[in-house]
Structure formats: structure tokens, C-alpha cells
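In what follows, a single structure is set out as C-alpha cells and then discussed.
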Amino acid sequence: MSVSLGELAVRFGCELRGDPATSIERVATLANADARSLAFLANPRYRAQLTDTRAAAVVTTAADAPGCKAALLVCENPYATYARIAALLHPPPPLAPGVHPTAIVAASARIDPSAEVGAYATIGERVSIGARAFIGPHCHVDAGVNLATDVRLTAHVTLGPAVQIGARSVLQPGAVIGADGFGFAPEKRTWLKVPQVGSVRVGADVEVGANTTIDRGAIEDTVIEEGVKLDNLIMIGHNVHIGAHTAIAACTGISGSVSIGRRCMIGGMVGIAGHLSVADDVVITAKSSVSHSITSPGVYSSTLPTEEAHAWRRLVARFKRSGVLEERLRRLERAAGTKAAPQEPAEEDHD
Amino acid sequence: MSVSLGELAVRFGCELRGDPATSIERVATLANADARSLAFLANPRYRAQLTDTRAAAVVTTAADAPGCKAALLVCENPYATYARIAALLHPPPPLAPGVHPTAIVAASARIDPSAEVGAYATIGERVSIGARAFIGPHCHVDAGVNLATDVRLTAHVTLGPAVQIGARSVLQPGAVIGADGFGFAPEKRTWLKVPQVGSVRVGADVEVGANTTIDRGAIEDTVIEEGVKLDNLIMIGHNVHIGAHTAIAACTGISGSVSIGRRCMIGGMVGIAGHLSVADDVVITAKSSVSHSITSPGVYSSTLPTEEAHAWRRLVARFKRSGVLEERLRRLERAAGTKAAPQEPAEEDHD
Amino acid sequence: MSVSLGELAVRFGCELRGDPATSIERVATLANADARSLAFLANPRYRAQLTDTRAAAVVTTAADAPGCKAALLVCENPYATYARIAALLHPPPPLAPGVHPTAIVAASARIDPSAEVGAYATIGERVSIGARAFIGPHCHVDAGVNLATDVRLTAHVTLGPAVQIGARSVLQPGAVIGADGFGFAPEKRTWLKVPQVGSVRVGADVEVGANTTIDRGAIEDTVIEEGVKLDNLIMIGHNVHIGAHTAIAACTGISGSVSIGRRCMIGGMVGIAGHLSVADDVVITAKSSVSHSITSPGVYSSTLPTEEAHAWRRLVARFKRSGVLEERLRRLERAAGTKAAPQEPAEEDHD
């Protein structure tokens with residue numbers, strides 16, 4: 001596939017600084033681009049590469065343009081423009097509509113003729129698969145599942161009973177949507193399994209990363225609204241509700257019955273305790289522990305960055321003897337006869 | 001399916017306050033129940049919903065009963081009673097005994113005729129599958145595996161060589177039991193793989209969550225005792241021993257050769273370092289790091305809850321200059337001529 | 001299989017203290033060995049077991065040998081020697097060369113006749129599979145993948161387009177190599193998917209644990225160099241580069257575009273933020289958060305070990321009122337008229 005710079009400029013609304021006839025075949029990094037490839041600059045950390053790149057063209061902002069010898073596609077949001085050009089130059093493999101002869105499809109399932117069902121897929125009773133959907137190899141789609149148009153289950157995806165997936169959503173390999181939630185009633189020092197009878201509703205334009213799990217609701221459905229982006233190895237507990245366009249990085253765990261607002265950005269390996277709510281437009285830094293509800297937009301953190309290990313060990317030791325430090329301070333204050341110290345907040349419960 | 005309140009009261013030993021002829025068809029939340037559904041109240045946080053619910057009946061304690069207009073099933077442990085009623089009203093799909101024509105079963109495998117082996121399951125040599133076991137689609141059961149009665153492998157489960165699963169245990173999709181442990185001998189600045197020749201023994205009534213992994217033992221078996229409940233995306237290293245009825249929340253990692261007692265409750269995203277032991281009846285809060293053995297029952301924590309990010313950054317900066325603070329305190333003490341400060345604990349090694 | 005002690009001593013370069021005719025059939029732990037089994041001692045924590053073991057022979061160092069009644073294979077690196085003996089006594093099941101009749105192999109794929117392709121494997125166009133490679137049941141190998149000699153995909157492994165795996169590398173069940181990276185461009189408060197067009201190159205002698213995910217590069221390839229060992233449930237983001245012989249424990253997450261040096265040892269549940277670099281020979285303790293690049297070899301940590309929960313809560317409360325403590329100290333200093341306090345480091349940004 002090849003496209004001229006002129007066509008790209010028109011199609012994506014960029015100002016072209018360079019020869020419109022130049023032909024672009026692929027995308028590349030600034031560092032390794034060649035005369036057939038297009039690069040982009042969105043992260044200022046790579047700006048120094050702009051002067052040396054051998055790219056045929058670079059997508060960037062007017063502010064970053066000066067000093068670049070390559071042709072330029074100037075626009076306001078170079079990363080988004082790059083994404084659209086990359087999608088044009090590197091389209092996914094075309095669908096092969098139809099059901100692979102090895103797929104097992106229940107009699108009551110309805111599959112749009114434009115959809116592709118791959119090798120060894122298993123499709124349960126009353127499943128509905130929309131136009132141009134792709135069910136990759138080895139996927140298991142349980143009874144009553146509803147897949148909207150253009151859904152893409154890449155491979156090895158498991159969908160539990162009655163799961164609904166909105167249009168254009170993409171599920172990476174190994175994702176498990178609709179497994180039983182972790183519900184057990186304590187009884188006589190053992191655990192009694194609580195049947196999980198809800199399902200999972202996933203909106204349109206959602207991405208679910210590889211080996212991520214979203215549990216079915218205990219009674220009602222777990223809900224992932226439209227435009228939510230979930231990275232790999234994320235755990236979403238039962239009854240969780242995630243608002244539209246929230247993005248969550250890898251390895252994060254959201255406990256049962258948590259409600260998260262819209263447009264939040266949650267870093268990797270964050271843990272959110274059960275039954276909490278998080279407001280719209282909240283940012284949580286990677287590795288933080290959320291153990292209280294967050295009611296206002298803003299940035300929240302409880303991340304401790306690494307130190308050299310001996311220095312760290314001294315810090316931890318001091319932290320653990322902080323009570324002794326306070327006691328020494330109190331003695332000095334008594335000796336000095338200083339006035340009442342500034343009021344201290346009460347010890348708060350942080351469970 | 002529908003059951004009368006009277007029958008439910010008799011069957012599950014509740015005191016009925018209401019019309020025994022009322023027919024119940026399903027379970028529901030207090031908030032969304034209707035005249036055909038039964039709800040429960042176990043978490044006081046939802047008590048306000050008791051007055052407004054349109055449920056036909058509510059399972060609750062005598063203490064929580066007053067003020068509820070719905071019929072009541074009064075009992076001591078409403079959550080457990082609810083679980084039993086939900087299991088009655090929402091039974092799992094019935095088994096279809098027999099082996100699916102696409103399943104591949106080794107000649108020496110023995111499968112009870114009442115068991116169901118699903119589409120594309122692969123069953124190795126000398127496997128034994130007990131009565132009423134369910135092997136879901138795409139499961140791989142390696143040679144020598146032994147599955148007791150009523151075991152349920154939902155779908156896409158992988159069992160390595162010689163794994164044993166006790167009666168009634170349930171494995172959610174993507175669970176991997178019996179992969180090689182992480183054993184490598186350092187040699188000349190590279191790593192030499194140490195053959196992992198043990199397997200995994202899982203007791204009765206165990207639950208294993210979606211995409212959770214339990215590694216086979218290096219020499220002897222990794223052991224999960226009866227009644228253990230493991231949430232999703234948990235990692236259990238080789239040679240680990242987990243005592244009966246311990247419950248572990250999602251994303252937790254248990255390093256190799258750890259021994260955990262009975263009836264522990266371990267929160268999500270906890271890490272336990274290798275070769276440690278944890279006593280019976282220990283509770284560890286979510287996101288804690290266990291780097292020493294825990295020898296007494298009790299609650300343990302090292303969780304830091306989130307703050308607004310600027311406030312957090314100031315806290316971390318102060319934490320990192322705690323040495324300067326101690327030095328300032330020492331100077332003041334010298335200047336004041338105060339007596340010896342209270343004895344400080346030695347800096348402890350916390351690796 | 002059985003081997004004489006004499007043969008083991010010659011083959012693996014050990015000094016034999018005992019009867020060379022003694023026959024060894026299997027490996028065992030010191031505690032549970034019998035007269036047909038061989039044990040080893042490498043971890044001093046188990047040294048007390050040396051006197052009581054009923055093993056036929058023990059592999060250990062000259063320093064640890066005294067006091068052991070069993071025959072001895074004395075060598076410098078007993079764990080490595082044990083690994084080699086265990087591999088001899090417990091070889092993996094032999095390959096059954098050929099393609100299982102249920103495997104689906106694209107016409108343009110080339111499979112070495114000595115390789116084994118298992119039941120229900122799906123092999124895409126232009127795939128190349130080297131000599132003695134093993135493709136286990138239910139594996140999906142996408143178009144353009146290249147597997148070198150002796151590669152082992154155990155079961156349920158997913159390889160995305162154009163992934164390359166070096167010789168002798170082993171992928172445990174559920175591993176997903178080459179899923180889309182987490183790339184989304186923000187635009188008008190929603191996210192636009194950025195096509196991920198790179199792949200993943202994995203070197204020789206790499207181990208990838210169960211349910212671990214390694215994302216394909218956004219433009220160029222994600223690279224795992226030779227000898228890298230990855231435990232279970234690890235997340236490697238797009239564009240990451242991991243140097244040779246680095247070992248990473250379970251549940252760790254490496255964000256996109258991180259570069260890690262050679263021979264690093266990274267503990268479990270560590271998080272490394274995006275675009276950072278880590279030098280060669282760095283050790284990071286379990287559960288640490290890396291939010292700045294690490295430029296020198298050494299040990300790094302930000303792990304807080306658990307305390308009894310009430311004590312922990314008091315520590316956290318003091319930590320959160322550290323500002324009050326500093327203010328009290330300042331007052332005392334003013335009152336005492338002490339000289340300028342030692343210089344404090346500026347509050348550093350730790351994002």
C-alpha cells in the first residue's frame with residue numbers, strides 16, 4: 001500500500017510542507033525511518049531526533065516543526081493524526097466472512113453472514129454475532145452472548161453466559177469476560193459459594209487487554225461503558241461499574257462493587273478496595289492503593305519510588321521508629337516550656 | 001423455576017414473616033427487586049434500602065428485620081442462606097453426560113459415564129475423571145491427572161502432568177495448574193533450568209479464579225488444601241502449601257516454598273516472599289508486602305493509602321529527608337543538655 | 001531410568017564419596033529421599049537435614065559435606081549439578097514428530113519433519129517451525145511467526161503476527177506474545193486506537209511463564225534477549241527491550257518503551273514506569289516502584305514490610321502528620337536560637 005503526502009494532507013486535514021507527490025508506504029520511528037516512511041513527533045523527549053531523521057515526512061505540530069529537514073504534515077494533534085495514517089497504511093488482515101468448518105455453532109445462534117468465525121471457535125445457544133464481527137481461533141462464546149457489529153475477539157477469548165459486547169470493541173488473547181465473581185459466604189469457619197447470576201455488559205469501542213479478566217455480576221451485571229481502555233492482566237471484580245472513556249494500565253485490580261467515573265486515568269498495578277467510588281476525571285498514579293472513595297477530580301498517589309537499598313533500609317528503619325522521634329520531640333518541648341504544639345490531626349483509620 | 005416462601009423457610013430453617021404461598025422466581029438486589037424476587041441484607045451499608053425495596057421477600061437477621069415491609073426470611077446468617085436459595089433458583093446448566101465427538105481422549109484415560117467432556121477438550125494418558133465432572137470446551141488435561149467427582153473445569157483450563165483436583169472444586173477459565181515452577185540455577189552469569197518434577201494437589205471444594213496460575217512443585221507437590229478460595233490472576237509458586245479454608249483475593253503473588261496456614265484471609269495484590277511461613281488465622285490487608293514469616297494470628301498490613309498527589313509528594317519528600325530531621329533533633333538535644341533519649345530499636349534488616 | 005553414582009560423578013565432574021555402583025532412579029528432597037533417590041543441598045537453611053536424610057546420595061559442596069552419612073557428589077555449584085542430573089533422570093516426554101490430524105496448518109507454513117504439532121493447534125501462513133520444536137495442544141501461531149529449533153510451546157500459547165522465538169525457548173501455558181500494545185491517542189476527551197504494527201523478538205533460551213503477556217511493538221519490535229527468564233503473570237509492554245540473562249519474578253509489570261539491562265534480577269510485583277532505562281546488573285527488590293531510570297548497578301528497593309495492623313496504622317498516621325512534626329521542630333529551633341539546620345534537599349518530584 002502506498003499513499004501520496006498530498007492525499008494524506010487532504011484526508012487528515014494537515015498543512016503540508018513538502019512535495020505532495022512523495023509516496024509513503026509505511027510508518028516508522030524517527031530514528032529508523034527511511035525515504036518511504038512517515039514518522040511522528042508527539043513526545044518532546046524525542047525532539048532531538050527531528051533534525052537527523054531520514055523519514056520522508058514527519059507528522060508534528062507547528063511549534064515543533066522548525067529545524068526538521070523532512071517534509072512535514074503539520075496539525076494540532078500529531079499522535080492522533082499519526083494513528084489515522086497508520087491505520088490507513090497498515091490495515092488489519094481482511095475478514096474472510098463465514099464460519100470455519102471446525103467451528104462448533106449451536107443451532108439457535110445467529111451469525112451475520114459478513115462475520116468471520118475462526119477455527120475451533122465454540123458458539124453457544126442463542127448467541128448473536130453482528131455484522132463484520134471477528135471471532136478468532138479457539139474462542140469460546142457461551143450461551144446468550146450478544147456481540148455487536150465489528151467486534152473483534154482476537155484468539156483464545158472466553159465469554160461467559162449472556163455477556164454483551166458493544167460495537168467495534170476489541171478483546172485481546174486470553175481475555176476472560178464473565179467468569180464467576182469471588183463471592184463466598186463465611187459459615188462455620190468455611191466458605192459457601194454464592195451463585196453468581198449476573199453477567200457483563202461491555203459498551204462500544206472498548207479495548208480489553210491480553211489475559212485481563214472481568215467477572216460477571218453477583219446479581220446484576222458488571223458494566224464497562226463505551227470507550228473504556230483496559231490494558232493486559234487487569235482484574236475487574238463483580239458488580240464493578242467503569243464510566244466511559246476511562247483508561248486503566250496493566251496489572252491493576254478493581255475489587256468488587258467499585259464504581260469508577262468517566263474519563264479517569266488509572267496507572268498500572270493500582271489496587272482499589274471493594275465498594276468504593278471514584279469520581280469522574282480522577283488520575284491515580286501507578287501502584288497506588290485506594291482504600292477510601294475519591295470524591296473530587298484530581299491526581300492521587302501513594303507510590304513510593306525506589307532508592308538504593310541501603311539508603312532505603314535506613315529510611316524504613318526511621319519510619320518504624322517515628323514514635324520514638326515524636327517522644328523525643330515532646331520531651332524537648334516540655335524542657336523548653338514551649339507553648340502547645342500545633343494541633344495534630346487525629347490518627348485516622350485507613351482501612 | 002419457582003418456589004414458595006413457605007418451602008424456602010422450611011428448607012433453609014428460617015423464620016417466615018409473611019405469606020407462605022408467595023412465589024419466588026429469582027434473586028435480586030434490594031434496589032431492583034420486584035414482586036417475584038427475593039433479596040437479602042447482610043452488609044449494613046445497604047440497610048437504608050430495606051424500607052423501599054419492592055422485593056417479595058428479604059433474607060435478613062432478626063436485628064435488621066424491623067421496618068421492612070417485604071416478607072422476611074429471618075435467620076442468623078442471611079448471606080449463607082441467600083447463597084443456598086440462589087443456588088436453588090439459579091442452578092447451573094444440567095450436565096450432558098458423555099464425551100463430545102471432537103474431544104480427544106487417550107486410550108488409557110478413564111472417564112466416568114456421568115461426566116461431561118466438552119468440545120475440543122484434550123485428555124491425556126492415564127487421566128481419571130470422576131462422576132459428574134465437567135470438562136469444559138478447550139480444556140487441556142495432561143497425562144496422569146486425577147479429577148474427583150463433581151469437579152468443574154469451566155473452559156480453557158490447562159492442567160499439567162499428574163495434577164490432582166478434589167471433589168467439587170471449580171476452576172474458572174484460563175486457570176493454569178501445574179506449569180513449570182520458576183527454578184533456575186545461576187551458573188557463569190547465566191541461568192540453568194532446573195527440571196520441575198513435582199505436581200499440584202488441590203483438595204476438595206477449592207475455587208481457582210480466572211487466569212490464576214499454580215505451579216507444579218520442583219520435586220514434591222505444591223499443595224492447596226480443601227476449601228481454599230483463590231480469586232483471579234493469582235500466582236502460586238512451586239512448593240507452596242496453602243492450608244484449608246484460606247481465601248486469597250485477586251492479583252496476589254505467593255513466592256515459591258511459602259507455607260500458609262488455615263483460615264487465613266489474604267487481600268488482593270499482596271506479595272509474600274519465598275520460603276516464609278504464615279500462621280493459621282492470619283489476615284493480611286490488600287497490597288501488603290510480607291517479607292518475614294508471620295507466626296501469630298492477627299491482622300497485618302503495609303498498605304499506604306492514596307493522598308492528593310501534591311500532598312503525597314510532600315510526604316514522600318519529608319520521608320526521604322527523615323535523616324536530616326533526626327540530626328536536627330540530636331542537635332537540639334545536645335544544646336538543651338537533655339538526658340539520654342529513649343532507646344531506639346536497632347535498624348532492622350527488612351529484606 | 002536408573003544411573004549409577006559412578007556414572008553421574010564422571011558425567012558431571014563431581015568428586016564421588018561413596019560406592020560408584022549405587023543406583024539412582026530419581027531426585028528427592030533431603031527430607032523425603034529414599035535409598036533410590038538423590039538429593040541436593042544448596043540453601044544453607046536446609047543444612048540440618050543433611051544428617052538425617054535417607055538419600056542414596058547428596059549433591060553438595062566440599063564445605064557442606066562433613067557430617068552427611070549419605071554418599072556425596074561434591075562439586076562447586078550443587079544446584080546446577082543437581083539440575084543436570086534431574087534433567088537426565090526426568091527427561092520430558094519424547095516428541096512424537098509430525099502434525100496431529102486435527103491441527104490446522106496454512107499451506108505456506110513450513111514445519112520441520114522432526115517437530116511435533118499437537119491437537120487443535122492452528123498455524124498461520126508463512127509460519128516457520130524449526131527442528132524438534134513442540135507446539136502443544138490448542139496453541140495459536142499467527143501468520144509469519146518464526147520458531148527456531150527446540151522451541152517448546154507447552155499448551156494454550158498464543159503467538160501474534162510475525163513473532164520470532166529463539167532456539168530452546170520454552171513458553172508455559174496461557175502465555176500471549178504479540179498482542180496489541182496499549183497505545184491510544186487522546187482526542188476530544190476520548191481515546192483513538194494507535195495501530196500496533198511491530199512484533200516481538202524473543203532470543204534463545206528464554207523462559208516465559210504461564211499467562212505472561214509480551215505486547216508487540218507499536219512500530220518496531222519488542223525485544224527479549226537470549227537467556228531471559230520470565231515468571232508467570234508478568235506484563236511486558238510494547239517497545240520494551242530486556243537485556244540478556246535478566247530474570248524477572250512473577251506479577252511484575254514493565255511499562256511501554258522501558259529498556260532493561262543485562263543480568264538484572266527483578267523481584268515479583270515490581271512496577272517500572274514507561275520510557276525508563278535500567279542499567280546492567282541491577283537488582284530490584286520485590287514490590288518496588290521504579291519511577292526514575294536506574295543508571296548504576298546495585299540493589300534498589302521501595303518495599304515496606306508488613307507490621308501488625310494497629311502498629312502499622314499508627315505509623316501511617318505519624319507519616320501523614322510529618323509536616324506538623326517538622327513545624328514543631330522549627331519552633332524549638334527558633335526558641336533555642338540554634339544555628340541554621342543542616343541543609344535540606346529540595347522537595348523532589350518523584351513522578
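How things are named: the first chain in the C-alpha cells is A, the next is B, and so on; residues count from 1 in each chain; ligands count from 1 in the order shown.
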
Q: Would you kindly report the residues of chain B within 7 Å of chain A, using only C-alpha atoms, as a list in words?
A: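 Applying the cut-off to the listed atoms yields Ala28, Thr29, Tyr79, Ala80, Ala83, Ala86, Ala87, Gln172, Pro173, Ala210, Asn211, Gly227, Asp231, Asn232, His245, Cys251, Leu304, Pro305, Thr306, Glu307, Glu308, Ala309, Trp312, Lys320, Ala341, Pro342, Glu344, Glu347 and Glu348 of chain B.
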
Q: From the DSSP assignment of the backbone, select every residue of region 91-334 of chain A that is alpha helix (DSSP H), and format the answer as an NGL selection string.
A: :A and (309-320 or 322-334)

Residues as selected, C-alpha atoms, written as a compact mmCIF listing (two decimals), in the first residue's frame, can you do that?
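Dumped everything to again03.txt:
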# COMPACT_ATOMS: atom_id res chain seq x y z
CA ALA A 309 18.67 -0.48 49.02
CA HIS A 310 20.87 0.51 51.99
CA ALA A 311 19.53 4.05 51.94
CA TRP A 312 16.02 2.63 51.65
CA ARG A 313 16.55 0.33 54.61
CA ARG A 314 17.64 3.29 56.75
CA LEU A 315 14.53 5.19 55.69
CA VAL A 316 12.29 2.29 56.64
CA ALA A 317 14.04 1.89 59.99
CA ARG A 318 13.49 5.59 60.74
CA PHE A 319 9.89 5.30 59.63
CA LYS A 320 9.38 2.44 62.04
CA SER A 322 8.90 7.52 64.25
CA GLY A 323 7.12 7.07 67.59
CA VAL A 324 10.45 7.39 69.38
CA LEU A 325 11.16 10.56 67.43
CA GLU A 326 7.86 12.07 68.48
CA GLU A 327 8.54 11.18 72.08
CA ARG A 328 11.97 12.87 71.95
CA LEU A 329 10.35 15.95 70.46
CA ARG A 330 7.74 16.02 73.23
CA ARG A 331 10.48 15.85 75.89
CA LEU A 332 12.31 18.77 74.30
CA GLU A 333 9.12 20.77 74.14
CA ARG A 334 8.43 20.09 77.81

Q: Tell me, in Å to one decimal, how far CA of Leu30 (chain C) is from CA of Gln49 (chain C).
A: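 One can read the CA of Leu30 (chain C) to CA of Gln49 (chain C) distance as 6.2 Å.
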
Q) In Å, with one decimal, what is the gap from CA of His100 (chain A) to CA of Ala162 (chain A)? A)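 CA of Ala162 (chain A) lies 23.0 Å from CA of His100 (chain A).
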
Q | Test item, strand (DSSP E or B) assignment across region 62-300 of chain A, answer as a ChimeraX atom specification | A | /A:71-74,98-99,104-105,110-111,116-117,122-123,128-129,134-135,140-141,146-147,152-153,158-159,164-165,170-171,176-179,184-187,190-193,200-202,207-208,213-215,222-224,229-230,235-236,241-242,247-248,253-254,259-260,265-266,271-272,277-278,282-284,289-290,294,298-300

(Q) Env of Gly118 (chain C): 6 Å cut, atoms = only C-alpha atoms, seq-sep filter 4 positions within chain, self excluded. Answer as a list in words. (A)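 Listed by chain and then number, they are His100, Ile135, Gly136 and Pro137 of chain C.
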
Q) Contacts of Val105 (chain A) at 8 Å or less, counting only C-alpha atoms, minus same-chain residues fewer than 2 places along, as a VMD selection string? A) chain A and resid 103 107 109 122 to 125
